[in-house]
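Engineer: What follows is a single structure, and I will ask about it in a moment.
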Amino acid sequence: MTKPITKITPNTAAFFDNDPQDELITLNLGPTHPATHGVFQNVLQIDGERIVSGVSTIGYIHRAFEKIAEHRPFYQITPLTDRLNYCSAPINNMGWHMTVEKLLKIEIPKRVQYMRVIVMELARIADHIICNGILGVDTGAFSGFLYLMQEREFIYEIFEEICGARLTTNIGRIGGFERDFNEIAFAKIHEFLKRFPPVLEEFENLFVRNRIFIERTSGVAAVTPEDALSYSWSGPILRATGVDYDVRAVSPYCSYEEFDFEVPVGTTGDVYDRFMVRNAEMWQSLRIIQQALDKIASEPAGVFHADVPEFYLPPKEQVYTNMEALIYHFKIVMGEWETPKDEVYHSVEGANGELGFYMIHDGGRSPYRLHFRRPSFINYQMFAPMSSGMLISDAIINMSSLNVIAGELDA
Amino acid sequence: MGNLDNQYIIRRLQEDLQFDVHVIGESFGLLSLGTSKERIIDLLKFLKEDDTLGFSYLTDITAVHYPGLALPFCIVYHLHNLVENVRIRVKVFIGGEVPSIPTATVLWHGANWMERETYDFFGIDFQGHPDLRRILNMDDLEVFPMRKEYPLEDPNRVDKKDFYFGR
């Protein structure tokens, strides 16, 4: 038996009274939205495609590193720092080592400093590759990302050669490195310096004068230097607004004062400028790595850590045969080292900005208090206020260009 | 460059008695000043806006818990003069059932999330803050986890206690 067909007459009057164009729609962007490239949420009120207001919710991968750090000896905190900005973990590792070395007043040999510079600049390139590549993907150009991704893979191979790990590296030790760079590592760094510039040039050709890319990014999310400073921005996005604040230049660590490099700055602080600043920084990083290799060649070979037996683990074969080595090994592993009661703030130029470590030490086994100044966390808080009035598609590339890394955001 | 040294900062601030400033330390060349919670915003405003000091960049706000003290919470501000490249640290010790301090969001937008984080972990009430909610922890958490009375691990575990290492 078939049902009788009822004729539907649409109530057009009611339809136009409640004009849906007058209503705001709540859109949950995240927590696992593919365009956010990380686990965080934005609850947006949208009017059509335009964002009216937004609220950022973060903390989805909060792991309480500051609390854990209060219960761990210094060298066990390094793996925690890996997981802050996991796209450039070596910079975090080195920043932490340098904080402890500052506290313990350990002098690091020049060769080790240059080795650290190489590792940090490689990490910076890897991080900028991700950010600029993803920015390309979000504006609709996938191929540039793939060209660059091969080179990031090669950087990870170098890390693998140096420390055995690729992403969460735990590279280096307090006082230096765990082992010297081997022949293959040096060969690969030299090879990287040869093979990366043509790829980067090709990437530039795809984007820098690309009309679609410029129209998508130029003038989008422009930020004045006053706003950027008031929001405590740092890193490439601050430099894109025209403020030449780079920790490597103003408070040099690791002998950065000996290197000849420029701090690229933008003018308008929009997404295009951020892209260009990161791009220029990759060229500068290449220059720095080349200089560091030259400097290493003139330093005595084979030095890869400071001569601080009370803080630097002795080689295993000595632990079994040499009494001093055994004592130091025991003391370091059990956290039985003499450390001053002091407080120290040390910052490095992370890939996203000023990465600071504020440590209060009471002479015990682990820090009394350790606070990470995480650039992503501080940079990201402007996202929701600056999104209002923006198109969703613009907000997405704005978020991309802020390079928010969820691990660093949430600590 | 170079006119702004720590001695000058101390002199400049102690000219004006209303800031109630005392020197806490100068470890690693970074001047630490202490003040009271009634004076903190005036002091930060002066540090930020004074022509010769110019600490216009807020690097960080955080807190430290010292359970033994009469005023157990220390709020730490790190400021930076980007022109002269001088940093300064300002500390305020506060106490009470709900420790409270005026908000610095009136001076810097960036203080917003830094203070929310500090509230989230230490339960500091930043008075006048526009949006003082938890930021990293879940909303229905009832404790402030970075306070020292909340242990990280199983409290019965003793193998990492200091007294086993002769301290």
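Each chain of the structure tokens is named A, B, ... in the order shown, its residues numbered from 1; ligands are numbered from 1 in display order.
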Report the closest atom pair, with its distance in Å rounded to one decimal, for each residue of chain A that has an atom no farther than 8 Å from chain B; count only C-alpha atoms, sort by chain and then rising residue number, and write it as JSON lines.
Structural biologist:
```
{"residue": "A:Thr57", "atom": "CA", "partner": "B:Ile135", "partner_atom": "CA", "distance": 7.3}
{"residue": "A:Ile58", "atom": "CA", "partner": "B:Leu136", "partner_atom": "CA", "distance": 6.0}
{"residue": "A:Gly59", "atom": "CA", "partner": "B:Leu136", "partner_atom": "CA", "distance": 4.0}
{"residue": "A:Tyr60", "atom": "CA", "partner": "B:Leu136", "partner_atom": "CA", "distance": 7.4}
{"residue": "A:His62", "atom": "CA", "partner": "B:Leu136", "partner_atom": "CA", "distance": 6.3}
{"residue": "A:Glu66", "atom": "CA", "partner": "B:Met146", "partner_atom": "CA", "distance": 8.0}
{"residue": "A:Lys67", "atom": "CA", "partner": "B:Met146", "partner_atom": "CA", "distance": 6.2}
{"residue": "A:Ile68", "atom": "CA", "partner": "B:Leu152", "partner_atom": "CA", "distance": 6.9}
{"residue": "A:His71", "atom": "CA", "partner": "B:Leu152", "partner_atom": "CA", "distance": 7.7}
{"residue": "A:Leu229", "atom": "CA", "partner": "B:Tyr57", "partner_atom": "CA", "distance": 6.4}
{"residue": "A:Ser230", "atom": "CA", "partner": "B:Trp108", "partner_atom": "CA", "distance": 5.1}
{"residue": "A:Tyr231", "atom": "CA", "partner": "B:Gly110", "partner_atom": "CA", "distance": 3.8}
{"residue": "A:Ser232", "atom": "CA", "partner": "B:Gly110", "partner_atom": "CA", "distance": 5.3}
{"residue": "A:Tyr245", "atom": "CA", "partner": "B:Leu82", "partner_atom": "CA", "distance": 7.3}
{"residue": "A:Val250", "atom": "CA", "partner": "B:Asn85", "partner_atom": "CA", "distance": 6.6}
{"residue": "A:Ser251", "atom": "CA", "partner": "B:Asn85", "partner_atom": "CA", "distance": 7.6}
{"residue": "A:Glu336", "atom": "CA", "partner": "B:Phe165", "partner_atom": "CA", "distance": 7.3}
{"residue": "A:Asp342", "atom": "CA", "partner": "B:Ser27", "partner_atom": "CA", "distance": 7.2}
{"residue": "A:Glu343", "atom": "CA", "partner": "B:Ser27", "partner_atom": "CA", "distance": 6.9}
{"residue": "A:Val344", "atom": "CA", "partner": "B:Phe28", "partner_atom": "CA", "distance": 7.0}
{"residue": "A:Gly364", "atom": "CA", "partner": "B:Asp162", "partner_atom": "CA", "distance": 7.8}
{"residue": "A:Arg365", "atom": "CA", "partner": "B:Asp162", "partner_atom": "CA", "distance": 7.6}
{"residue": "A:Arg369", "atom": "CA", "partner": "B:Val64", "partner_atom": "CA", "distance": 6.8}
{"residue": "A:His371", "atom": "CA", "partner": "B:Thr62", "partner_atom": "CA", "distance": 7.4}
{"residue": "A:Arg373", "atom": "CA", "partner": "B:Asp60", "partner_atom": "CA", "distance": 6.6}
{"residue": "A:Ile378", "atom": "CA", "partner": "B:Gly110", "partner_atom": "CA", "distance": 6.9}
{"residue": "A:Gln381", "atom": "CA", "partner": "B:Trp113", "partner_atom": "CA", "distance": 6.7}
{"residue": "A:Asp410", "atom": "CA", "partner": "B:Leu136", "partner_atom": "CA", "distance": 6.5}
```
Engineer: Take the selection from the previous step and output its residues with N, CA and C atoms, as an mmCIF file, in the first residue's frame.
Structural biologist:
```
data_model
loop_
_atom_site.group_PDB
_atom_site.id
_atom_site.type_symbol
_atom_site.label_atom_id
_atom_site.label_comp_id
_atom_site.auth_asym_id
_atom_site.auth_seq_id
_atom_site.Cartn_x
_atom_site.Cartn_y
_atom_site.Cartn_z
ATOM 1 N N THR A 57 41.261 27.402 22.927
ATOM 2 C CA THR A 57 41.374 26.449 24.024
ATOM 3 C C THR A 57 42.635 25.634 23.782
ATOM 4 N N ILE A 58 43.517 25.635 24.745
ATOM 5 C CA ILE A 58 44.743 24.863 24.570
ATOM 6 C C ILE A 58 44.926 23.954 25.773
ATOM 7 N N GLY A 59 45.928 23.153 25.741
ATOM 8 C CA GLY A 59 46.211 22.271 26.865
ATOM 9 C C GLY A 59 45.911 20.815 26.582
ATOM 10 N N TYR A 60 45.608 20.494 25.338
ATOM 11 C CA TYR A 60 45.236 19.108 25.042
ATOM 12 C C TYR A 60 46.399 18.138 25.194
ATOM 13 N N HIS A 62 49.028 18.810 27.352
ATOM 14 C CA HIS A 62 49.816 19.267 28.497
ATOM 15 C C HIS A 62 50.363 18.065 29.256
ATOM 16 N N GLU A 66 57.006 21.076 33.815
ATOM 17 C CA GLU A 66 57.631 21.869 34.867
ATOM 18 C C GLU A 66 57.559 21.125 36.191
ATOM 19 N N LYS A 67 56.466 20.400 36.394
ATOM 20 C CA LYS A 67 56.344 19.611 37.620
ATOM 21 C C LYS A 67 57.301 18.414 37.583
ATOM 22 N N ILE A 68 57.348 17.733 36.460
ATOM 23 C CA ILE A 68 58.241 16.579 36.345
ATOM 24 C C ILE A 68 59.684 17.014 36.562
ATOM 25 N N HIS A 71 61.474 16.987 39.834
ATOM 26 C CA HIS A 71 61.783 15.695 40.430
ATOM 27 C C HIS A 71 62.821 14.929 39.626
ATOM 28 N N LEU A 229 54.998 43.805 20.128
ATOM 29 C CA LEU A 229 55.787 43.923 21.356
ATOM 30 C C LEU A 229 54.894 43.863 22.582
ATOM 31 N N SER A 230 53.697 44.455 22.469
ATOM 32 C CA SER A 230 52.795 44.415 23.615
ATOM 33 C C SER A 230 52.351 42.986 23.908
ATOM 34 N N TYR A 231 52.254 42.170 22.861
ATOM 35 C CA TYR A 231 51.910 40.768 23.054
ATOM 36 C C TYR A 231 53.139 39.905 23.304
ATOM 37 N N SER A 232 54.284 40.537 23.519
ATOM 38 C CA SER A 232 55.536 39.825 23.837
ATOM 39 C C SER A 232 55.917 38.828 22.750
ATOM 40 N N TYR A 245 64.826 42.036 16.758
ATOM 41 C CA TYR A 245 65.223 41.386 18.009
ATOM 42 C C TYR A 245 65.488 39.917 17.745
ATOM 43 N N VAL A 250 71.590 39.881 19.909
ATOM 44 C CA VAL A 250 71.666 40.838 21.022
ATOM 45 C C VAL A 250 72.304 40.226 22.264
ATOM 46 N N SER A 251 72.060 38.974 22.563
ATOM 47 C CA SER A 251 72.723 38.324 23.706
ATOM 48 C C SER A 251 73.383 37.051 23.204
ATOM 49 N N GLU A 336 74.479 13.117 42.797
ATOM 50 C CA GLU A 336 75.258 13.511 43.971
ATOM 51 C C GLU A 336 76.309 14.538 43.609
ATOM 52 N N ASP A 342 71.385 28.952 43.371
ATOM 53 C CA ASP A 342 71.366 30.176 42.581
ATOM 54 C C ASP A 342 70.125 30.169 41.702
ATOM 55 N N GLU A 343 69.903 31.283 41.048
ATOM 56 C CA GLU A 343 68.832 31.302 40.055
ATOM 57 C C GLU A 343 69.419 31.819 38.760
ATOM 58 N N VAL A 344 68.912 31.300 37.669
ATOM 59 C CA VAL A 344 69.511 31.640 36.388
ATOM 60 C C VAL A 344 68.399 31.718 35.346
ATOM 61 N N GLY A 364 69.949 20.998 45.436
ATOM 62 C CA GLY A 364 69.529 19.611 45.563
ATOM 63 C C GLY A 364 69.783 18.813 44.299
ATOM 64 N N ARG A 365 69.061 17.716 44.200
ATOM 65 C CA ARG A 365 69.276 16.784 43.110
ATOM 66 C C ARG A 365 68.642 17.281 41.818
ATOM 67 N N ARG A 369 62.715 24.931 40.979
ATOM 68 C CA ARG A 369 61.651 25.392 40.088
ATOM 69 C C ARG A 369 62.282 25.600 38.729
ATOM 70 N N HIS A 371 61.073 26.938 34.902
ATOM 71 C CA HIS A 371 60.003 27.470 34.068
ATOM 72 C C HIS A 371 60.516 27.622 32.655
ATOM 73 N N ARG A 373 60.068 29.491 29.209
ATOM 74 C CA ARG A 373 59.393 30.558 28.456
ATOM 75 C C ARG A 373 59.244 30.054 27.035
ATOM 76 N N ILE A 378 53.380 32.082 23.995
ATOM 77 C CA ILE A 378 53.211 33.528 24.119
ATOM 78 C C ILE A 378 52.792 34.130 22.772
ATOM 79 N N GLN A 381 48.815 33.691 21.749
ATOM 80 C CA GLN A 381 47.657 34.291 22.411
ATOM 81 C C GLN A 381 47.051 35.429 21.608
ATOM 82 N N ASP A 410 51.823 23.703 24.956
ATOM 83 C CA ASP A 410 51.241 23.125 26.158
ATOM 84 C C ASP A 410 52.265 22.699 27.201
#
```
Engineer: Would you list the contacts of region 216-224 of chain A as a list in words, taking every protein, DNA or RNA residue within 8 Å and counting only C-alpha atoms, but skipping same-chain residues closer than 6 positions in sequence?
Structural biologist: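 Residues meeting the cut-off are Thr139, Thr241, Thr268, Gly269, Asp270, Val271, Tyr272, Asp273, Met386, Ser387, Asp394, Ala395, Ile397 and Asn398 of chain A.
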Engineer: Go ahead and save the picked residues with N, CA and C atoms, as a PDB file, in the first residue's frame.
Structural biologist:
```pdb
ATOM      1  N   THR A 139      48.016  27.319   1.462  1.00  0.00           N
ATOM      2  CA  THR A 139      47.559  28.215   0.411  1.00  0.00           C
ATOM      3  C   THR A 139      47.281  27.466  -0.882  1.00  0.00           C
ATOM      4  N   THR A 241      57.552  42.099  11.628  1.00  0.00           N
ATOM      5  CA  THR A 241      56.931  43.411  11.817  1.00  0.00           C
ATOM      6  C   THR A 241      57.969  44.525  11.760  1.00  0.00           C
ATOM      7  N   THR A 268      55.842  44.847   7.068  1.00  0.00           N
ATOM      8  CA  THR A 268      54.415  44.979   7.365  1.00  0.00           C
ATOM      9  C   THR A 268      53.920  43.987   8.406  1.00  0.00           C
ATOM     10  N   GLY A 269      54.661  42.933   8.674  1.00  0.00           N
ATOM     11  CA  GLY A 269      54.218  41.969   9.667  1.00  0.00           C
ATOM     12  C   GLY A 269      53.091  41.086   9.188  1.00  0.00           C
ATOM     13  N   ASP A 270      52.859  41.005   7.881  1.00  0.00           N
ATOM     14  CA  ASP A 270      51.799  40.121   7.391  1.00  0.00           C
ATOM     15  C   ASP A 270      52.362  38.729   7.114  1.00  0.00           C
ATOM     16  N   VAL A 271      51.484  37.857   6.641  1.00  0.00           N
ATOM     17  CA  VAL A 271      51.888  36.467   6.465  1.00  0.00           C
ATOM     18  C   VAL A 271      53.016  36.349   5.451  1.00  0.00           C
ATOM     19  N   TYR A 272      52.940  37.179   4.403  1.00  0.00           N
ATOM     20  CA  TYR A 272      53.986  37.133   3.378  1.00  0.00           C
ATOM     21  C   TYR A 272      55.351  37.504   3.964  1.00  0.00           C
ATOM     22  N   ASP A 273      55.365  38.524   4.820  1.00  0.00           N
ATOM     23  CA  ASP A 273      56.630  38.926   5.434  1.00  0.00           C
ATOM     24  C   ASP A 273      57.179  37.834   6.336  1.00  0.00           C
ATOM     25  N   MET A 386      43.223  38.633  16.959  1.00  0.00           N
ATOM     26  CA  MET A 386      43.494  39.174  15.623  1.00  0.00           C
ATOM     27  C   MET A 386      42.648  38.506  14.553  1.00  0.00           C
ATOM     28  N   SER A 387      41.996  37.377  14.887  1.00  0.00           N
ATOM     29  CA  SER A 387      41.179  36.695  13.890  1.00  0.00           C
ATOM     30  C   SER A 387      39.842  37.367  13.661  1.00  0.00           C
ATOM     31  N   ASP A 394      41.840  33.021   5.651  1.00  0.00           N
ATOM     32  CA  ASP A 394      42.975  33.847   6.061  1.00  0.00           C
ATOM     33  C   ASP A 394      43.453  33.460   7.455  1.00  0.00           C
ATOM     34  N   ALA A 395      42.484  33.166   8.328  1.00  0.00           N
ATOM     35  CA  ALA A 395      42.869  32.779   9.686  1.00  0.00           C
ATOM     36  C   ALA A 395      43.705  31.507   9.670  1.00  0.00           C
ATOM     37  N   ILE A 397      45.790  30.443   7.277  1.00  0.00           N
ATOM     38  CA  ILE A 397      47.186  30.667   6.893  1.00  0.00           C
ATOM     39  C   ILE A 397      47.883  31.541   7.925  1.00  0.00           C
ATOM     40  N   ASN A 398      47.105  32.379   8.626  1.00  0.00           N
ATOM     41  CA  ASN A 398      47.710  33.137   9.722  1.00  0.00           C
ATOM     42  C   ASN A 398      48.222  32.178  10.790  1.00  0.00           C
TER      43      ASN A 398
END
```
Engineer: Might you pull out every residue within 12 Å of Ala69 (chain A), with only C-alpha atoms counted and same-chain residues fewer than 4 positions away left off, and present them as a ChimeraX atom specification?
Structural biologist: /A:63-65,73-81,96,357-361,365-372,411 /B:146,152
Engineer: Next, dump the selected residues to file, keeping only N, CA and C atoms, as a short mmCIF file (atom, residue, chain, number, x, y, z; two decimals), in the first residue's frame.
Structural biologist:
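After the write, part.cif holds the following:
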```cif
data_model
loop_
_atom_site.label_atom_id
_atom_site.label_comp_id
_atom_site.auth_asym_id
_atom_site.auth_seq_id
_atom_site.Cartn_x
_atom_site.Cartn_y
_atom_site.Cartn_z
N ARG A 63 51.67 18.07 29.52
CA ARG A 63 52.29 16.91 30.15
C ARG A 63 53.02 17.26 31.44
N ALA A 64 52.79 18.48 31.95
CA ALA A 64 53.31 18.88 33.26
C ALA A 64 54.82 18.79 33.34
N PHE A 65 55.51 19.28 32.29
CA PHE A 65 56.98 19.18 32.30
C PHE A 65 57.61 19.95 33.45
N PRO A 73 66.90 14.77 37.96
CA PRO A 73 68.21 15.40 37.84
C PRO A 73 68.37 16.06 36.48
N PHE A 74 69.38 16.93 36.39
CA PHE A 74 69.47 17.81 35.21
C PHE A 74 69.46 17.04 33.90
N TYR A 75 70.26 15.98 33.83
CA TYR A 75 70.40 15.33 32.52
C TYR A 75 69.14 14.57 32.14
N GLN A 76 68.26 14.30 33.10
CA GLN A 76 66.99 13.65 32.74
C GLN A 76 65.95 14.67 32.29
N ILE A 77 66.27 15.95 32.40
CA ILE A 77 65.32 16.97 31.94
C ILE A 77 65.49 17.20 30.44
N THR A 78 66.67 16.87 29.91
CA THR A 78 66.89 17.08 28.46
C THR A 78 65.83 16.38 27.61
N PRO A 79 65.48 15.12 27.88
CA PRO A 79 64.42 14.51 27.06
C PRO A 79 63.08 15.22 27.18
N LEU A 80 62.84 15.91 28.29
CA LEU A 80 61.59 16.67 28.39
C LEU A 80 61.63 17.85 27.41
N THR A 81 62.80 18.49 27.32
CA THR A 81 62.87 19.65 26.43
C THR A 81 62.72 19.23 24.96
N TRP A 96 68.85 24.08 27.10
CA TRP A 96 68.83 23.53 28.45
C TRP A 96 70.24 23.24 28.94
N PHE A 357 64.79 29.63 29.73
CA PHE A 357 64.76 28.66 30.82
C PHE A 357 65.03 29.44 32.10
N TYR A 358 64.07 29.46 33.00
CA TYR A 358 64.26 30.15 34.27
C TYR A 358 64.33 29.08 35.35
N MET A 359 65.51 28.95 35.95
CA MET A 359 65.70 27.87 36.92
C MET A 359 66.09 28.46 38.27
N ILE A 360 65.40 28.00 39.31
CA ILE A 360 65.80 28.30 40.67
C ILE A 360 66.33 27.01 41.25
N HIS A 361 67.57 27.05 41.73
CA HIS A 361 68.20 25.82 42.18
C HIS A 361 68.56 25.97 43.65
N ARG A 365 69.06 17.72 44.20
CA ARG A 365 69.28 16.78 43.11
C ARG A 365 68.64 17.28 41.82
N SER A 366 67.59 18.03 41.96
CA SER A 366 66.84 18.51 40.79
C SER A 366 66.52 19.99 41.00
N PRO A 367 66.11 20.69 39.96
CA PRO A 367 65.79 22.12 40.14
C PRO A 367 64.66 22.31 41.15
N TYR A 368 64.75 23.41 41.91
CA TYR A 368 63.64 23.72 42.81
C TYR A 368 62.44 24.17 42.00
N ARG A 369 62.71 24.93 40.98
CA ARG A 369 61.65 25.39 40.09
C ARG A 369 62.28 25.60 38.73
N LEU A 370 61.61 25.11 37.72
CA LEU A 370 62.08 25.33 36.36
C LEU A 370 60.89 25.80 35.54
N HIS A 371 61.07 26.94 34.90
CA HIS A 371 60.00 27.47 34.07
C HIS A 371 60.52 27.62 32.65
N PHE A 372 59.73 27.16 31.71
CA PHE A 372 60.08 27.33 30.30
C PHE A 372 59.32 28.54 29.76
N ALA A 411 53.48 22.49 26.82
CA ALA A 411 54.56 22.05 27.71
C ALA A 411 54.21 20.80 28.50
N MET B 146 51.12 22.99 40.66
CA MET B 146 52.55 23.28 40.84
C MET B 146 52.89 23.65 42.29
N LEU B 152 54.45 14.64 42.84
CA LEU B 152 54.34 14.19 41.46
C LEU B 152 53.99 12.73 41.38
#
```
Engineer: Considering only helix (DSSP H, G or I) as DSSP defines it on the backbone, what residues of region 17-113 of chain B qualify? List them as a list in words.
Structural biologist: Leu17, Gln18, Phe19, Ser27, Phe28, Gly29, Ile40, Ile41, Asp42, Leu43, Leu44, Lys45, Phe46, Leu47, Lys48, Glu49, Ala111, Asn112 and Trp113 of chain B
Engineer: May I have the selected residues written with C-alpha atoms, as a PDB file, in the first residue's frame?
Structural biologist:
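Full text of part_4.pdb as output:
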```pdb
ATOM      1  CA  LEU B  17      60.538  56.071  47.728  1.00  0.00           C
ATOM      2  CA  GLN B  18      57.010  55.157  46.703  1.00  0.00           C
ATOM      3  CA  PHE B  19      58.225  52.077  44.809  1.00  0.00           C
ATOM      4  CA  SER B  27      73.219  36.575  39.944  1.00  0.00           C
ATOM      5  CA  PHE B  28      74.740  36.268  36.478  1.00  0.00           C
ATOM      6  CA  GLY B  29      74.445  40.015  36.019  1.00  0.00           C
ATOM      7  CA  ILE B  40      54.066  46.379  41.753  1.00  0.00           C
ATOM      8  CA  ILE B  41      51.950  47.872  38.994  1.00  0.00           C
ATOM      9  CA  ASP B  42      53.266  51.374  39.624  1.00  0.00           C
ATOM     10  CA  LEU B  43      56.787  49.996  39.529  1.00  0.00           C
ATOM     11  CA  LEU B  44      56.231  48.010  36.338  1.00  0.00           C
ATOM     12  CA  LYS B  45      54.602  51.029  34.735  1.00  0.00           C
ATOM     13  CA  PHE B  46      57.559  53.189  35.699  1.00  0.00           C
ATOM     14  CA  LEU B  47      60.045  50.605  34.438  1.00  0.00           C
ATOM     15  CA  LYS B  48      58.130  50.359  31.188  1.00  0.00           C
ATOM     16  CA  GLU B  49      57.474  54.016  30.518  1.00  0.00           C
ATOM     17  CA  ALA B 111      50.541  39.271  30.281  1.00  0.00           C
ATOM     18  CA  ASN B 112      47.100  37.745  29.742  1.00  0.00           C
ATOM     19  CA  TRP B 113      48.065  34.139  29.122  1.00  0.00           C
TER      20      TRP B 113
END
```
Engineer: Have a look at CA of Val92 (chain B) and CA of Thr118 (chain B) and let me know their distance in Å, one decimal.
Structural biologist: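 Taking CA of Val92 (chain B) as the start and CA of Thr118 (chain B) as the end point, the length is 13.6 Å.
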Engineer: So that I can check the secondary structure, give me every residue of region 10-149 of chain B assigned strand (DSSP E or B) by backbone DSSP, as a ChimeraX atom specification.
Structural biologist: /B:22-25,31-35,57-65,73-81,86-94,100-102,125-127
Engineer: Give me the residues within 7 Å of Lys91 (chain B) as a ChimeraX atom specification, counting only C-alpha atoms and dropping any in the same chain fewer than 4 places off.
Structural biologist: /B:33-35,74-77
Engineer: List as a VMD selection string the protein and nucleic acid residues near Ile171 (chain A), meaning an atom at most 8 Å away when only C-alpha atoms are counted, but skip any in the same chain fewer than 2 places from it.
Structural biologist: chain A and resid 90 93 to 94 162 to 163 169 173 177 to 178
Engineer: Between A:Met323, A:Met382, A:Leu313, A:Leu193, which one has atoms that come closest to Trp283 (chain A), using only C-alpha atoms?
Structural biologist: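 For Trp283 (chain A), the nearest of the candidates is A:Leu193.
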Engineer: Let me make sure I understand: among A:Val52, A:Met282, A:Ala126, A:Ile289, which one has the smallest atom-to-atom distance to Ser88 (chain A) if we use only C-alpha atoms?
Structural biologist: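 That would be A:Ala126, the residue with the smallest distance to Ser88 (chain A).
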Engineer: Please list as a PyMOL selection string every residue within 8 Å of Gly242 (chain A), counting only C-alpha atoms and excluding residues in the same chain fewer than 2 positions away.
Structural biologist: chain A and resi 225+238-240+244+265-269
Engineer: Can I get the selection written as a compact mmCIF listing (two decimals), in the first residue's frame, with N, CA and C atoms?
Structural biologist:
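Saved result, out.txt, follows:
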```txt
# COMPACT_ATOMS: atom_id res chain seq x y z
N PRO A 225 54.35 46.71 14.85
CA PRO A 225 55.38 46.37 15.84
C PRO A 225 54.92 46.66 17.27
N LEU A 238 57.99 38.33 15.02
CA LEU A 238 58.26 39.69 15.51
C LEU A 238 59.14 40.42 14.51
N ARG A 239 60.15 39.71 13.99
CA ARG A 239 61.05 40.36 13.03
C ARG A 239 60.30 40.73 11.74
N ALA A 240 59.25 39.98 11.41
CA ALA A 240 58.47 40.32 10.22
C ALA A 240 57.78 41.67 10.38
N ASP A 244 64.08 44.24 15.04
CA ASP A 244 65.22 43.36 14.78
C ASP A 244 65.71 42.72 16.08
N VAL A 265 64.63 41.27 8.52
CA VAL A 265 63.41 41.84 9.09
C VAL A 265 62.43 42.15 7.97
N GLY A 266 61.16 42.15 8.33
CA GLY A 266 60.11 42.51 7.38
C GLY A 266 59.69 43.94 7.58
N THR A 267 58.60 44.32 6.93
CA THR A 267 58.11 45.69 7.09
C THR A 267 56.68 45.74 7.57
N THR A 268 55.84 44.85 7.07
CA THR A 268 54.42 44.98 7.36
C THR A 268 53.92 43.99 8.41
N GLY A 269 54.66 42.93 8.67
CA GLY A 269 54.22 41.97 9.67
C GLY A 269 53.09 41.09 9.19
```
Engineer: Report, in Å with one decimal, the straight-line distance from CA of Gln127 (chain B) to CA of Ile101 (chain B).
Structural biologist: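 Atom-to-atom, CA of Gln127 (chain B) and CA of Ile101 (chain B) are spaced 5.9 Å apart.
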Engineer: Could you pull the residues within 12 Å of Glu257 (chain A), counting only C-alpha atoms, minus those fewer than 6 positions along the same chain, as a ChimeraX atom specification?
Structural biologist: /A:113-114,117,247-251,288,292
